[in-house]
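Raw final.txt, compact mmCIF, N, CA and C atoms:
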# COMPACT_ATOMS: atom_id res chain seq x y z
N GLN A 1 4.61 -36.46 -6.82
CA GLN A 1 3.91 -35.22 -7.09
C GLN A 1 4.25 -34.20 -6.01
N VAL A 2 4.52 -32.97 -6.45
CA VAL A 2 4.89 -31.92 -5.52
C VAL A 2 3.64 -31.43 -4.77
N GLN A 3 3.81 -31.26 -3.46
CA GLN A 3 2.74 -30.71 -2.63
C GLN A 3 3.24 -29.45 -1.97
N VAL A 4 2.36 -28.45 -1.88
CA VAL A 4 2.73 -27.15 -1.35
C VAL A 4 1.69 -26.72 -0.33
N VAL A 5 2.17 -26.25 0.84
CA VAL A 5 1.27 -25.78 1.90
C VAL A 5 1.81 -24.46 2.44
N GLU A 6 0.98 -23.42 2.38
CA GLU A 6 1.37 -22.12 2.92
C GLU A 6 0.79 -21.94 4.33
N SER A 7 1.46 -21.12 5.14
CA SER A 7 0.96 -20.78 6.47
C SER A 7 1.57 -19.46 6.90
N GLY A 8 1.02 -18.89 7.98
CA GLY A 8 1.62 -17.71 8.59
C GLY A 8 0.90 -16.40 8.37
N GLY A 9 -0.18 -16.42 7.61
CA GLY A 9 -0.90 -15.18 7.37
C GLY A 9 -1.65 -14.72 8.61
N GLY A 10 -2.24 -13.53 8.52
CA GLY A 10 -3.00 -13.00 9.63
C GLY A 10 -3.32 -11.53 9.47
N LEU A 11 -3.81 -10.95 10.56
CA LEU A 11 -4.14 -9.53 10.59
C LEU A 11 -3.02 -8.79 11.32
N VAL A 12 -2.53 -7.73 10.70
CA VAL A 12 -1.43 -6.96 11.29
C VAL A 12 -1.66 -5.48 11.02
N GLN A 13 -1.20 -4.64 11.92
CA GLN A 13 -1.33 -3.20 11.74
C GLN A 13 -0.29 -2.68 10.77
N PRO A 14 -0.56 -1.56 10.12
CA PRO A 14 0.45 -0.96 9.24
C PRO A 14 1.76 -0.73 10.00
N GLY A 15 2.86 -1.05 9.33
CA GLY A 15 4.17 -0.97 9.95
C GLY A 15 4.60 -2.24 10.65
N GLY A 16 3.69 -3.19 10.77
CA GLY A 16 4.01 -4.45 11.44
C GLY A 16 4.71 -5.44 10.53
N SER A 17 4.95 -6.64 11.08
CA SER A 17 5.69 -7.68 10.37
C SER A 17 4.97 -9.02 10.45
N LEU A 18 5.20 -9.84 9.44
CA LEU A 18 4.72 -11.22 9.42
C LEU A 18 5.76 -12.07 8.71
N ARG A 19 5.78 -13.36 9.04
CA ARG A 19 6.61 -14.29 8.29
C ARG A 19 5.73 -15.41 7.77
N LEU A 20 5.69 -15.55 6.45
CA LEU A 20 4.95 -16.63 5.81
C LEU A 20 5.88 -17.82 5.56
N SER A 21 5.30 -19.01 5.63
CA SER A 21 6.06 -20.24 5.35
C SER A 21 5.39 -21.00 4.21
N CYS A 22 6.22 -21.58 3.37
CA CYS A 22 5.76 -22.43 2.27
C CYS A 22 6.51 -23.75 2.37
N ALA A 23 5.80 -24.80 2.77
CA ALA A 23 6.40 -26.13 2.88
C ALA A 23 6.09 -26.91 1.61
N ALA A 24 7.13 -27.29 0.89
CA ALA A 24 6.96 -28.00 -0.37
C ALA A 24 7.74 -29.32 -0.33
N SER A 25 7.14 -30.39 -0.84
CA SER A 25 7.78 -31.69 -0.81
C SER A 25 7.45 -32.48 -2.07
N GLY A 26 8.20 -33.56 -2.30
CA GLY A 26 7.97 -34.42 -3.45
C GLY A 26 8.84 -34.12 -4.65
N PHE A 27 9.91 -33.38 -4.47
CA PHE A 27 10.79 -33.04 -5.58
C PHE A 27 11.69 -34.21 -5.95
N VAL A 28 11.99 -34.35 -7.25
CA VAL A 28 12.91 -35.38 -7.72
C VAL A 28 14.18 -34.75 -8.28
N SER A 29 14.25 -33.44 -8.31
CA SER A 29 15.41 -32.71 -8.83
C SER A 29 15.63 -31.48 -7.96
N LYS A 30 16.88 -30.97 -7.94
CA LYS A 30 17.14 -29.74 -7.20
C LYS A 30 16.96 -28.50 -8.07
N TYR A 31 16.66 -28.72 -9.34
CA TYR A 31 16.53 -27.60 -10.28
C TYR A 31 15.08 -27.17 -10.41
N TYR A 32 14.73 -26.17 -9.64
CA TYR A 32 13.40 -25.57 -9.71
C TYR A 32 13.46 -24.23 -8.99
N ALA A 33 12.41 -23.46 -9.14
CA ALA A 33 12.29 -22.20 -8.41
C ALA A 33 10.98 -22.23 -7.64
N ILE A 34 10.95 -21.54 -6.53
CA ILE A 34 9.72 -21.38 -5.74
C ILE A 34 9.44 -19.89 -5.62
N GLY A 35 8.20 -19.55 -5.78
CA GLY A 35 7.83 -18.14 -5.74
C GLY A 35 6.66 -17.85 -4.82
N TRP A 36 6.71 -16.67 -4.25
CA TRP A 36 5.57 -16.13 -3.51
C TRP A 36 4.85 -15.15 -4.41
N PHE A 37 3.55 -15.31 -4.50
CA PHE A 37 2.69 -14.45 -5.30
C PHE A 37 1.55 -13.97 -4.42
N ARG A 38 0.88 -12.92 -4.85
CA ARG A 38 -0.27 -12.45 -4.09
C ARG A 38 -1.38 -12.00 -5.04
N GLN A 39 -2.59 -12.10 -4.53
CA GLN A 39 -3.73 -11.71 -5.33
C GLN A 39 -4.73 -10.99 -4.44
N ALA A 40 -4.96 -9.73 -4.75
CA ALA A 40 -5.95 -8.92 -4.05
C ALA A 40 -7.28 -9.02 -4.79
N PRO A 41 -8.39 -8.76 -4.12
CA PRO A 41 -9.70 -8.85 -4.77
C PRO A 41 -9.76 -7.99 -6.02
N GLY A 42 -10.21 -8.60 -7.12
CA GLY A 42 -10.37 -7.87 -8.37
C GLY A 42 -9.09 -7.62 -9.13
N LYS A 43 -7.98 -8.15 -8.64
CA LYS A 43 -6.70 -7.95 -9.31
C LYS A 43 -6.09 -9.28 -9.74
N GLU A 44 -5.14 -9.20 -10.67
CA GLU A 44 -4.46 -10.40 -11.12
C GLU A 44 -3.40 -10.82 -10.09
N ARG A 45 -3.04 -12.09 -10.17
CA ARG A 45 -1.99 -12.60 -9.30
C ARG A 45 -0.66 -12.00 -9.73
N GLU A 46 0.10 -11.47 -8.78
CA GLU A 46 1.37 -10.84 -9.10
C GLU A 46 2.51 -11.48 -8.32
N GLY A 47 3.68 -11.48 -8.95
CA GLY A 47 4.86 -12.03 -8.30
C GLY A 47 5.39 -11.10 -7.23
N VAL A 48 5.70 -11.63 -6.07
CA VAL A 48 6.25 -10.86 -4.96
C VAL A 48 7.75 -11.11 -4.86
N SER A 49 8.13 -12.37 -4.74
CA SER A 49 9.54 -12.72 -4.66
C SER A 49 9.70 -14.20 -4.98
N CYS A 50 10.76 -14.53 -5.68
CA CYS A 50 11.00 -15.90 -6.10
C CYS A 50 12.46 -16.26 -5.83
N ILE A 51 12.72 -17.55 -5.61
CA ILE A 51 14.06 -18.00 -5.28
C ILE A 51 14.39 -19.26 -6.06
N SER A 52 15.60 -19.30 -6.60
CA SER A 52 16.10 -20.48 -7.29
C SER A 52 16.61 -21.48 -6.26
N ASN A 53 16.08 -22.70 -6.27
CA ASN A 53 16.48 -23.66 -5.25
C ASN A 53 17.93 -24.07 -5.39
N ASN A 54 18.44 -24.18 -6.60
CA ASN A 54 19.79 -24.68 -6.81
C ASN A 54 20.85 -23.75 -6.24
N ASP A 55 20.73 -22.44 -6.51
CA ASP A 55 21.80 -21.54 -6.09
C ASP A 55 21.34 -20.42 -5.18
N GLY A 56 20.04 -20.38 -4.82
CA GLY A 56 19.55 -19.38 -3.87
C GLY A 56 19.40 -17.98 -4.43
N THR A 57 19.57 -17.82 -5.72
CA THR A 57 19.41 -16.49 -6.31
C THR A 57 17.94 -16.08 -6.24
N THR A 58 17.71 -14.79 -5.99
CA THR A 58 16.35 -14.32 -5.79
C THR A 58 15.95 -13.23 -6.77
N THR A 59 14.65 -13.09 -6.89
CA THR A 59 14.03 -11.99 -7.63
C THR A 59 13.02 -11.35 -6.69
N VAL A 60 13.00 -10.02 -6.63
CA VAL A 60 12.11 -9.32 -5.72
C VAL A 60 11.37 -8.23 -6.48
N ALA A 61 10.07 -8.15 -6.29
CA ALA A 61 9.28 -7.10 -6.96
C ALA A 61 9.65 -5.73 -6.41
N ALA A 62 9.60 -4.73 -7.27
CA ALA A 62 9.97 -3.38 -6.87
C ALA A 62 9.08 -2.86 -5.74
N SER A 63 7.83 -3.28 -5.73
CA SER A 63 6.88 -2.78 -4.73
C SER A 63 7.20 -3.24 -3.32
N VAL A 64 8.00 -4.28 -3.17
CA VAL A 64 8.30 -4.80 -1.83
C VAL A 64 9.79 -4.80 -1.53
N LYS A 65 10.60 -4.35 -2.46
CA LYS A 65 12.05 -4.35 -2.27
C LYS A 65 12.42 -3.51 -1.06
N GLY A 66 13.29 -4.06 -0.22
CA GLY A 66 13.69 -3.36 0.99
C GLY A 66 12.79 -3.64 2.17
N ARG A 67 11.63 -4.24 1.92
CA ARG A 67 10.70 -4.57 3.02
C ARG A 67 10.51 -6.07 3.18
N PHE A 68 10.51 -6.81 2.08
CA PHE A 68 10.28 -8.26 2.10
C PHE A 68 11.59 -8.99 1.80
N ASN A 69 11.75 -10.15 2.44
CA ASN A 69 12.93 -10.98 2.20
C ASN A 69 12.51 -12.44 2.05
N ILE A 70 13.06 -13.09 1.02
CA ILE A 70 12.76 -14.50 0.80
C ILE A 70 13.97 -15.34 1.16
N SER A 71 13.74 -16.49 1.79
CA SER A 71 14.84 -17.40 2.15
C SER A 71 14.32 -18.82 2.12
N ARG A 72 15.25 -19.80 2.23
CA ARG A 72 14.84 -21.19 2.17
C ARG A 72 15.66 -22.06 3.09
N ASP A 73 15.05 -23.16 3.54
CA ASP A 73 15.72 -24.23 4.29
C ASP A 73 15.45 -25.52 3.53
N ASN A 74 16.52 -26.19 3.11
CA ASN A 74 16.38 -27.41 2.32
C ASN A 74 16.43 -28.65 3.19
N ALA A 75 15.65 -29.66 2.76
CA ALA A 75 15.73 -31.00 3.33
C ALA A 75 15.73 -31.97 2.15
N LYS A 76 15.85 -33.22 2.41
CA LYS A 76 15.86 -34.20 1.32
C LYS A 76 14.53 -34.18 0.58
N ASN A 77 14.59 -33.86 -0.72
CA ASN A 77 13.40 -33.83 -1.58
C ASN A 77 12.33 -32.86 -1.11
N ALA A 78 12.70 -31.90 -0.24
CA ALA A 78 11.72 -30.96 0.30
C ALA A 78 12.40 -29.63 0.60
N VAL A 79 11.60 -28.60 0.77
CA VAL A 79 12.14 -27.29 1.09
C VAL A 79 11.06 -26.48 1.79
N THR A 80 11.48 -25.61 2.70
CA THR A 80 10.57 -24.62 3.28
C THR A 80 11.08 -23.25 2.87
N VAL A 81 10.22 -22.47 2.26
CA VAL A 81 10.58 -21.14 1.80
C VAL A 81 9.83 -20.12 2.65
N TYR A 82 10.56 -19.16 3.17
CA TYR A 82 9.99 -18.15 4.05
C TYR A 82 9.91 -16.81 3.31
N LEU A 83 8.86 -16.08 3.62
CA LEU A 83 8.74 -14.70 3.16
C LEU A 83 8.58 -13.83 4.40
N THR A 84 9.64 -13.12 4.74
CA THR A 84 9.61 -12.22 5.89
C THR A 84 9.19 -10.84 5.41
N MET A 85 8.10 -10.37 5.96
CA MET A 85 7.50 -9.10 5.49
C MET A 85 7.56 -8.07 6.61
N ASN A 86 8.26 -6.99 6.36
CA ASN A 86 8.41 -5.91 7.33
C ASN A 86 7.76 -4.64 6.80
N ASN A 87 7.48 -3.72 7.72
CA ASN A 87 6.89 -2.43 7.36
C ASN A 87 5.69 -2.62 6.43
N LEU A 88 4.78 -3.47 6.84
CA LEU A 88 3.63 -3.80 6.00
C LEU A 88 2.72 -2.59 5.81
N LYS A 89 2.14 -2.54 4.62
CA LYS A 89 1.25 -1.44 4.24
C LYS A 89 -0.13 -1.99 3.88
N PRO A 90 -1.16 -1.17 3.96
CA PRO A 90 -2.50 -1.67 3.59
C PRO A 90 -2.54 -2.26 2.18
N GLU A 91 -1.75 -1.72 1.28
CA GLU A 91 -1.75 -2.24 -0.10
C GLU A 91 -1.10 -3.62 -0.21
N ASP A 92 -0.52 -4.11 0.87
CA ASP A 92 0.02 -5.48 0.87
C ASP A 92 -1.07 -6.51 1.18
N THR A 93 -2.26 -6.04 1.50
CA THR A 93 -3.37 -6.95 1.80
C THR A 93 -3.72 -7.79 0.58
N ALA A 94 -3.71 -9.11 0.75
CA ALA A 94 -3.98 -10.03 -0.35
C ALA A 94 -3.94 -11.45 0.17
N VAL A 95 -4.34 -12.39 -0.68
CA VAL A 95 -4.07 -13.80 -0.41
C VAL A 95 -2.71 -14.10 -1.02
N TYR A 96 -1.84 -14.67 -0.23
CA TYR A 96 -0.49 -14.99 -0.67
C TYR A 96 -0.40 -16.47 -1.00
N TYR A 97 0.14 -16.75 -2.19
CA TYR A 97 0.26 -18.11 -2.69
C TYR A 97 1.72 -18.46 -2.95
N CYS A 98 1.99 -19.74 -2.85
CA CYS A 98 3.30 -20.27 -3.17
C CYS A 98 3.16 -21.19 -4.38
N GLY A 99 4.07 -21.08 -5.33
CA GLY A 99 4.03 -21.93 -6.51
C GLY A 99 5.42 -22.39 -6.92
N ILE A 100 5.47 -23.35 -7.83
CA ILE A 100 6.72 -23.98 -8.25
C ILE A 100 6.93 -23.77 -9.75
N ASP A 101 8.12 -23.37 -10.14
CA ASP A 101 8.55 -23.38 -11.53
C ASP A 101 9.49 -24.57 -11.69
N PRO A 102 9.04 -25.68 -12.27
CA PRO A 102 9.85 -26.90 -12.32
C PRO A 102 10.90 -26.90 -13.41
N TRP A 103 10.98 -25.84 -14.21
CA TRP A 103 11.94 -25.83 -15.31
C TRP A 103 13.11 -24.88 -15.07
N TRP A 104 13.19 -24.29 -13.88
CA TRP A 104 14.23 -23.31 -13.64
C TRP A 104 15.50 -24.01 -13.18
N ALA A 105 16.66 -23.51 -13.63
CA ALA A 105 17.94 -24.15 -13.29
C ALA A 105 18.76 -23.27 -12.35
N ILE A 106 19.34 -22.18 -12.89
CA ILE A 106 20.19 -21.32 -12.08
C ILE A 106 19.92 -19.86 -12.40
N GLY A 107 20.38 -18.99 -11.51
CA GLY A 107 20.25 -17.56 -11.74
C GLY A 107 18.95 -17.01 -11.20
N SER A 108 18.78 -15.68 -11.32
CA SER A 108 17.59 -15.02 -10.81
C SER A 108 16.35 -15.56 -11.52
N PRO A 109 15.43 -16.16 -10.78
CA PRO A 109 14.30 -16.82 -11.42
C PRO A 109 13.28 -15.82 -11.95
N ARG A 110 12.59 -16.22 -13.01
CA ARG A 110 11.45 -15.44 -13.47
C ARG A 110 10.38 -15.53 -12.39
N CYS A 111 9.66 -14.48 -12.21
CA CYS A 111 8.67 -14.41 -11.14
C CYS A 111 7.33 -14.03 -11.75
N THR A 112 6.95 -14.80 -12.75
CA THR A 112 5.71 -14.58 -13.48
C THR A 112 4.78 -15.76 -13.23
N SER A 113 3.56 -15.50 -12.80
CA SER A 113 2.67 -16.57 -12.34
C SER A 113 2.35 -17.58 -13.44
N SER A 114 2.38 -17.16 -14.70
CA SER A 114 1.99 -18.07 -15.78
C SER A 114 2.91 -19.27 -15.92
N VAL A 115 4.14 -19.20 -15.42
CA VAL A 115 5.07 -20.33 -15.55
C VAL A 115 5.15 -21.17 -14.30
N TYR A 116 4.37 -20.82 -13.28
CA TYR A 116 4.39 -21.57 -12.03
C TYR A 116 3.20 -22.51 -11.96
N GLN A 117 3.35 -23.56 -11.15
CA GLN A 117 2.30 -24.56 -11.00
C GLN A 117 2.35 -25.11 -9.58
N ASP A 118 1.54 -26.15 -9.31
CA ASP A 118 1.50 -26.78 -7.99
C ASP A 118 1.23 -25.76 -6.90
N TRP A 119 0.24 -24.92 -7.12
CA TRP A 119 -0.09 -23.87 -6.17
C TRP A 119 -0.65 -24.44 -4.88
N GLY A 120 -0.32 -23.75 -3.77
CA GLY A 120 -0.93 -24.08 -2.50
C GLY A 120 -2.30 -23.44 -2.39
N GLN A 121 -2.90 -23.58 -1.20
CA GLN A 121 -4.26 -23.07 -0.99
C GLN A 121 -4.28 -21.58 -0.68
N GLY A 122 -3.12 -21.01 -0.36
CA GLY A 122 -3.02 -19.59 -0.07
C GLY A 122 -3.20 -19.29 1.40
N THR A 123 -2.69 -18.13 1.81
CA THR A 123 -2.86 -17.67 3.19
C THR A 123 -3.16 -16.17 3.14
N GLN A 124 -4.16 -15.77 3.91
CA GLN A 124 -4.64 -14.39 3.86
C GLN A 124 -3.76 -13.49 4.72
N VAL A 125 -3.35 -12.36 4.14
CA VAL A 125 -2.65 -11.31 4.87
C VAL A 125 -3.49 -10.05 4.79
N THR A 126 -3.84 -9.52 5.96
CA THR A 126 -4.63 -8.30 6.02
C THR A 126 -3.88 -7.26 6.84
N VAL A 127 -3.64 -6.10 6.24
CA VAL A 127 -2.94 -5.01 6.92
C VAL A 127 -3.94 -3.89 7.13
N SER A 128 -4.28 -3.68 8.40
CA SER A 128 -5.32 -2.71 8.71
C SER A 128 -5.19 -2.26 10.15
N GLU A 129 -5.70 -1.04 10.43
CA GLU A 129 -5.67 -0.53 11.80
C GLU A 129 -6.62 -1.36 12.67

Just dump the structure as structure tokens.
Amino acid sequence: QVQVVESGGGLVQPGGSLRLSCAASGFVSKYYAIGWFRQAPGKEREGVSCISNNDGTTTVAASVKGRFNISRDNAKNAVTVYLTMNNLKPEDTAVYYCGIDPWWAIGSPRCTSSVYQDWGQGTQVTVSE
């Protein structure tokens, strides 16, 4: 069974940076995608950036393009996915979650929360003066 643990959130001033980590383990195949999503109070969970494990192809939401970068480090049956967030804005405040799409093979992954599963507990990011 896949297990996912997020870390790295915190309080940061506007214009600052944070790096989130998503440690996932228990995979039996290299064909899957991992995505970072966020959910602000009263809003639906939205895709931020997703990465295909097999070929490293990424998908990035327009709202964070040019500011956020997703990357991964692979190990046997495990992976750590990083979300480097620069030039943070108050509207980036949310709980950030990591999830798995176990049916993805190659190419730019879909970054829609409805197809992801094995969610972690989330990590809070607050951007404020």

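When only C-alpha atoms are used to compute distances to Arg19 (chain A), the closest of the residues A:Ser7, A:Ser52, A:Thr58, A:Gly66 turns out to be A:Ser7.
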
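Separating atom C of Asn86 (chain A) from atom N of Phe68 (chain A) is a distance of 5.9 Å.
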
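Between CA of Arg110 (chain A) and CA of Val81 (chain A) lies a distance of 16.3 Å.
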
Task: Which residue of A:Trp104, A:Ala94, A:Leu20, A:Phe27 approaches Lys76 (chain A) most closely, using only N, CA and C atoms - done: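 Nearest candidate to Lys76 (chain A) out of A:Trp104, A:Ala94, A:Leu20, A:Phe27: A:Phe27.
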
- [ ] Could you tell me which of A:Thr112, A:Thr59, A:Gln39, A:Asn74 comes closest to Ile100 (chain A) if we count only C-alpha atoms?
- [x]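 Going through A:Thr112, A:Thr59, A:Gln39, A:Asn74 one by one, the smallest distance to Ile100 (chain A) is for A:Thr112.
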
- [ ] For atom C of Pro90 (chain A) and atom C of Tyr32 (chain A), determine how far apart the two atoms are, in Å to one decimal place.
- [x] 29.4 Å

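With all atoms listed in the file as the atoms that count, the minimum distance from Arg45 (chain A) to the choices A:Gln13, A:Gln121, A:Thr80, A:Ser113 is reached by A:Ser113.
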
TODO: Would you list the contacts of Leu83 (chain A) as a list in words, taking every protein, DNA or RNA residue within 8 Å and counting only N, CA and C atoms, but skipping same-chain residues closer than 5 positions in sequence?
DONE: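 Here the qualifying residues turn out to be Leu18, Arg19, Leu20, Ser21, Cys22, Trp36, Phe68, Asn69, Ile70, Ser71 and Arg72 of chain A.
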
- [ ] Go through A:Ala61, A:Ile106, A:Asn53, A:Glu129 and flag the residue nearest Pro14 (chain A), using all atoms listed in the file for the distances.
- [x] A:Glu129

- [ ] Please run DSSP on the backbone and report, as number ranges by chain, all residues within region 23-82 of chain A that come out as strand (DSSP E).
- [x] A: 23-25, 33-39, 46-52, 58-60, 68-75, 78-82

Task: Proximity to Trp119 (chain A) - best of A:Asn77, A:Gln3, A:Thr93, A:Ser49, all atoms listed in the file - done: A:Gln3

Starting from the point (-4.5, -15.5, -0.2), work out which residues of protein, DNA or RNA have an atom no more than 7 Å away when counting all atoms listed in the file; state them as a CSV table (one decimal) with N, CA and C atoms, in the coordinates of the input.
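Saved to out-v6.csv:
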chain,number,residue,atom,x,y,z
A,38,ARG,N,0.9,-12.9,-4.8
A,38,ARG,CA,-0.3,-12.4,-4.1
A,38,ARG,C,-1.4,-12.0,-5.0
A,39,GLN,N,-2.6,-12.1,-4.5
A,39,GLN,CA,-3.7,-11.7,-5.3
A,39,GLN,C,-4.7,-11.0,-4.4
A,94,ALA,N,-3.7,-9.1,0.8
A,94,ALA,CA,-4.0,-10.0,-0.4
A,94,ALA,C,-3.9,-11.4,0.2
A,95,VAL,N,-4.3,-12.4,-0.7
A,95,VAL,CA,-4.1,-13.8,-0.4
A,95,VAL,C,-2.7,-14.1,-1.0
A,96,TYR,N,-1.8,-14.7,-0.2
A,96,TYR,CA,-0.5,-15.0,-0.7
A,96,TYR,C,-0.4,-16.5,-1.0
A,97,TYR,N,0.1,-16.8,-2.2
A,97,TYR,CA,0.3,-18.1,-2.7
A,97,TYR,C,1.7,-18.5,-3.0
A,121,GLN,N,-2.9,-23.6,-1.2
A,121,GLN,CA,-4.3,-23.1,-1.0
A,121,GLN,C,-4.3,-21.6,-0.7
A,122,GLY,N,-3.1,-21.0,-0.4
A,122,GLY,CA,-3.0,-19.6,-0.1
A,122,GLY,C,-3.2,-19.3,1.4
A,123,THR,N,-2.7,-18.1,1.8
A,123,THR,CA,-2.9,-17.7,3.2
A,123,THR,C,-3.2,-16.2,3.1
A,124,GLN,N,-4.2,-15.8,3.9
A,124,GLN,CA,-4.6,-14.4,3.9
A,124,GLN,C,-3.8,-13.5,4.7
A,125,VAL,N,-3.4,-12.4,4.1
A,125,VAL,CA,-2.6,-11.3,4.9
A,125,VAL,C,-3.5,-10.0,4.8

Task: Residue neighbourhood Asp55 (chain A), 8 Å, all atoms listed in the file, exclusion window fewer than 4 positions, as a PyMOL selection string - done: chain A and resi 30-32+51+105-107

From the block you just saw, export region 98-122 of chain A: N, CA and C atoms, as a PDB file, in the first residue's frame.
ATOM      1  N   CYS A  98      -0.397  16.120  -1.143  1.00  0.00           N
ATOM      2  CA  CYS A  98       0.245  15.313  -2.161  1.00  0.00           C
ATOM      3  C   CYS A  98      -0.625  14.085  -2.416  1.00  0.00           C
ATOM      4  N   GLY A  99      -0.821  13.736  -3.675  1.00  0.00           N
ATOM      5  CA  GLY A  99      -1.627  12.573  -4.022  1.00  0.00           C
ATOM      6  C   GLY A  99      -1.014  11.789  -5.169  1.00  0.00           C
ATOM      7  N   ILE A 100      -1.536  10.593  -5.399  1.00  0.00           N
ATOM      8  CA  ILE A 100      -0.998   9.675  -6.401  1.00  0.00           C
ATOM      9  C   ILE A 100      -2.064   9.353  -7.447  1.00  0.00           C
ATOM     10  N   ASP A 101      -1.693   9.413  -8.711  1.00  0.00           N
ATOM     11  CA  ASP A 101      -2.510   8.891  -9.803  1.00  0.00           C
ATOM     12  C   ASP A 101      -1.865   7.582 -10.232  1.00  0.00           C
ATOM     13  N   PRO A 102      -2.408   6.426  -9.844  1.00  0.00           N
ATOM     14  CA  PRO A 102      -1.759   5.142 -10.109  1.00  0.00           C
ATOM     15  C   PRO A 102      -1.949   4.625 -11.521  1.00  0.00           C
ATOM     16  N   TRP A 103      -2.702   5.348 -12.357  1.00  0.00           N
ATOM     17  CA  TRP A 103      -2.961   4.855 -13.706  1.00  0.00           C
ATOM     18  C   TRP A 103      -2.213   5.631 -14.783  1.00  0.00           C
ATOM     19  N   TRP A 104      -1.337   6.556 -14.382  1.00  0.00           N
ATOM     20  CA  TRP A 104      -0.670   7.375 -15.369  1.00  0.00           C
ATOM     21  C   TRP A 104       0.578   6.669 -15.881  1.00  0.00           C
ATOM     22  N   ALA A 105       0.852   6.800 -17.188  1.00  0.00           N
ATOM     23  CA  ALA A 105       2.002   6.114 -17.788  1.00  0.00           C
ATOM     24  C   ALA A 105       3.089   7.112 -18.191  1.00  0.00           C
ATOM     25  N   ILE A 106       2.853   7.859 -19.279  1.00  0.00           N
ATOM     26  CA  ILE A 106       3.861   8.788 -19.771  1.00  0.00           C
ATOM     27  C   ILE A 106       3.209  10.085 -20.204  1.00  0.00           C
ATOM     28  N   GLY A 107       4.037  11.119 -20.355  1.00  0.00           N
ATOM     29  CA  GLY A 107       3.551  12.400 -20.836  1.00  0.00           C
ATOM     30  C   GLY A 107       3.086  13.293 -19.706  1.00  0.00           C
ATOM     31  N   SER A 108       2.672  14.519 -20.066  1.00  0.00           N
ATOM     32  CA  SER A 108       2.231  15.491 -19.075  1.00  0.00           C
ATOM     33  C   SER A 108       1.015  14.954 -18.333  1.00  0.00           C
ATOM     34  N   PRO A 109       1.125  14.778 -17.024  1.00  0.00           N
ATOM     35  CA  PRO A 109       0.041  14.137 -16.289  1.00  0.00           C
ATOM     36  C   PRO A 109      -1.161  15.059 -16.105  1.00  0.00           C
ATOM     37  N   ARG A 110      -2.334  14.455 -16.026  1.00  0.00           N
ATOM     38  CA  ARG A 110      -3.520  15.219 -15.637  1.00  0.00           C
ATOM     39  C   ARG A 110      -3.321  15.653 -14.199  1.00  0.00           C
ATOM     40  N   CYS A 111      -3.796  16.810 -13.873  1.00  0.00           N
ATOM     41  CA  CYS A 111      -3.579  17.375 -12.542  1.00  0.00           C
ATOM     42  C   CYS A 111      -4.931  17.748 -11.962  1.00  0.00           C
ATOM     43  N   THR A 112      -5.818  16.768 -11.961  1.00  0.00           N
ATOM     44  CA  THR A 112      -7.180  16.936 -11.470  1.00  0.00           C
ATOM     45  C   THR A 112      -7.359  16.062 -10.241  1.00  0.00           C
ATOM     46  N   SER A 113      -7.817  16.635  -9.145  1.00  0.00           N
ATOM     47  CA  SER A 113      -7.838  15.929  -7.863  1.00  0.00           C
ATOM     48  C   SER A 113      -8.721  14.683  -7.894  1.00  0.00           C
ATOM     49  N   SER A 114      -9.741  14.660  -8.737  1.00  0.00           N
ATOM     50  CA  SER A 114     -10.674  13.532  -8.732  1.00  0.00           C
ATOM     51  C   SER A 114     -10.022  12.217  -9.137  1.00  0.00           C
ATOM     52  N   VAL A 115      -8.894  12.250  -9.836  1.00  0.00           N
ATOM     53  CA  VAL A 115      -8.245  11.002 -10.276  1.00  0.00           C
ATOM     54  C   VAL A 115      -7.088  10.606  -9.383  1.00  0.00           C
ATOM     55  N   TYR A 116      -6.831  11.388  -8.332  1.00  0.00           N
ATOM     56  CA  TYR A 116      -5.738  11.085  -7.426  1.00  0.00           C
ATOM     57  C   TYR A 116      -6.261  10.411  -6.165  1.00  0.00           C
ATOM     58  N   GLN A 117      -5.364   9.667  -5.507  1.00  0.00           N
ATOM     59  CA  GLN A 117      -5.730   8.955  -4.290  1.00  0.00           C
ATOM     60  C   GLN A 117      -4.517   8.886  -3.378  1.00  0.00           C
ATOM     61  N   ASP A 118      -4.637   8.133  -2.276  1.00  0.00           N
ATOM     62  CA  ASP A 118      -3.536   7.970  -1.319  1.00  0.00           C
ATOM     63  C   ASP A 118      -3.023   9.318  -0.846  1.00  0.00           C
ATOM     64  N   TRP A 119      -3.931  10.185  -0.466  1.00  0.00           N
ATOM     65  CA  TRP A 119      -3.571  11.522  -0.027  1.00  0.00           C
ATOM     66  C   TRP A 119      -2.821  11.494   1.295  1.00  0.00           C
ATOM     67  N   GLY A 120      -1.867  12.442   1.426  1.00  0.00           N
ATOM     68  CA  GLY A 120      -1.206  12.638   2.699  1.00  0.00           C
ATOM     69  C   GLY A 120      -2.066  13.497   3.615  1.00  0.00           C
ATOM     70  N   GLN A 121      -1.492  13.840   4.769  1.00  0.00           N
ATOM     71  CA  GLN A 121      -2.244  14.596   5.783  1.00  0.00           C
ATOM     72  C   GLN A 121      -2.250  16.091   5.488  1.00  0.00           C
ATOM     73  N   GLY A 122      -1.389  16.538   4.583  1.00  0.00           N
ATOM     74  CA  GLY A 122      -1.335  17.944   4.209  1.00  0.00           C
ATOM     75  C   GLY A 122      -0.354  18.728   5.057  1.00  0.00           C
TER      76      GLY A 122
END
